[in-house]
Amino acid sequence: MNKLQNVAVNFKEGFHCSQCVLEAFSEELGIDKELALKISSCFGRGMCFGETCGAVTGAVMALGLKYGNIKADDKAAKEKTYDVTRDFCEKFKEINGSIICRELMGVDFAHKENRMVAREKGLFKEKCPKYIKDAINIVETML
């Protein structure tokens, strides 16, 4: 099963966008699936406030695992992470018009009733798979 097929299964099982994206790269980046799912578990629905899209945060976490610094004074690695983050966000924005969940979804998730309306309208099933796929495709070109 390839990354996108595996992600489709994970999404249908109930994992959200950030979890799906980070988990897709977990083996390749040397972390186990369970850790990837836990680390990314609080980033769905734009961190529950409709802020940065979970597919974006999952992708940025994957890029951080690849390029991130482990020494405080490693300025080159820090700059690399800033560069790849900016590049990723620009590419995602070019494709989708935004990296902000509420703009992508057309719903402000800061209000609980809006989350229920989005679920009832099927917005997550309708829109999120595209953002997940786009994030994965972009990250694959950057690793």
# chains A, B, ... in the order shown; residues from 1 in each chain; ligands from 1

$ residues_around --residues "A:Ile136" --least-positions-apart "2" --cutoff "12 Å" --atoms "only C-alpha atoms" --output "NGL selection string"
:A and (2-8 or 17-25 or 55-63 or 88 or 91-92 or 129-134 or 138-143)

$ select_by_dssp --residues "chain A" --states "helix (DSSP H, G or I)" --output "ChimeraX atom specification"
/A:3-13,17-29,33-39,44-50,54-67,75-96,101-105,112-121,123-142

$ closest_residue --among "A:Ile31, A:Arg86, A:Arg45, A:Thr81" --to "A:Gly106" --atoms "only C-alpha atoms"
A:Arg45

$ atom_distance --atom1 "atom CA of A:Lys112" --atom2 "atom CA of A:Cys42"
15.9 Å

$ closest_residue --among "A:His111, A:Gly44, A:Leu29, A:Thr85" --to "A:Leu65" --atoms "only C-alpha atoms"
A:Leu29

$ atom_distance --atom1 "atom CA of A:Phe15" --atom2 "atom CA of A:Lys33"
12.2 Å

$ closest_residue --among "A:Lys66, A:Met105, A:Lys12, A:Gly46" --to "A:Val84" --atoms "only C-alpha atoms"
A:Lys66

$ residues_around --residues "A:Leu104" --least-positions-apart "4" --cutoff "10 Å" --atoms "only C-alpha atoms" --output "number ranges by chain"
A: 50, 52-53, 96-100, 127-128, 131

$ write_last_selection --atoms "N, CA and C atoms" --output "mmCIF file, in the first residue's frame"
data_model
loop_
_atom_site.group_PDB
_atom_site.id
_atom_site.type_symbol
_atom_site.label_atom_id
_atom_site.label_comp_id
_atom_site.auth_asym_id
_atom_site.auth_seq_id
_atom_site.Cartn_x
_atom_site.Cartn_y
_atom_site.Cartn_z
ATOM 1 N N GLY A 50 -9.376 26.619 14.156
ATOM 2 C CA GLY A 50 -9.416 27.012 12.754
ATOM 3 C C GLY A 50 -8.183 27.770 12.306
ATOM 4 N N THR A 52 -3.827 27.294 11.754
ATOM 5 C CA THR A 52 -3.065 26.598 10.720
ATOM 6 C C THR A 52 -3.629 25.202 10.484
ATOM 7 N N CYS A 53 -3.912 24.899 9.228
ATOM 8 C CA CYS A 53 -4.473 23.616 8.810
ATOM 9 C C CYS A 53 -3.642 22.462 9.370
ATOM 10 N N ASN A 96 -3.881 25.836 -2.737
ATOM 11 C CA ASN A 96 -5.166 25.872 -2.022
ATOM 12 C C ASN A 96 -5.650 27.257 -1.614
ATOM 13 N N GLY A 97 -4.831 28.275 -1.799
ATOM 14 C CA GLY A 97 -5.253 29.635 -1.498
ATOM 15 C C GLY A 97 -5.007 30.089 -0.078
ATOM 16 N N SER A 98 -4.709 29.170 0.826
ATOM 17 C CA SER A 98 -4.509 29.517 2.233
ATOM 18 C C SER A 98 -3.859 28.342 2.953
ATOM 19 N N ILE A 99 -3.328 28.613 4.138
ATOM 20 C CA ILE A 99 -2.895 27.550 5.048
ATOM 21 C C ILE A 99 -3.749 27.574 6.320
ATOM 22 N N ILE A 100 -4.748 28.442 6.341
ATOM 23 C CA ILE A 100 -5.594 28.625 7.521
ATOM 24 C C ILE A 100 -6.842 27.749 7.395
ATOM 25 N N LYS A 127 -13.514 17.878 2.115
ATOM 26 C CA LYS A 127 -12.389 18.776 1.851
ATOM 27 C C LYS A 127 -11.036 18.280 2.355
ATOM 28 N N CYS A 128 -11.009 17.678 3.525
ATOM 29 C CA CYS A 128 -9.725 17.335 4.149
ATOM 30 C C CYS A 128 -8.860 16.369 3.338
ATOM 31 N N TYR A 131 -6.526 18.265 1.046
ATOM 32 C CA TYR A 131 -5.456 18.989 1.729
ATOM 33 C C TYR A 131 -4.385 18.024 2.232
#
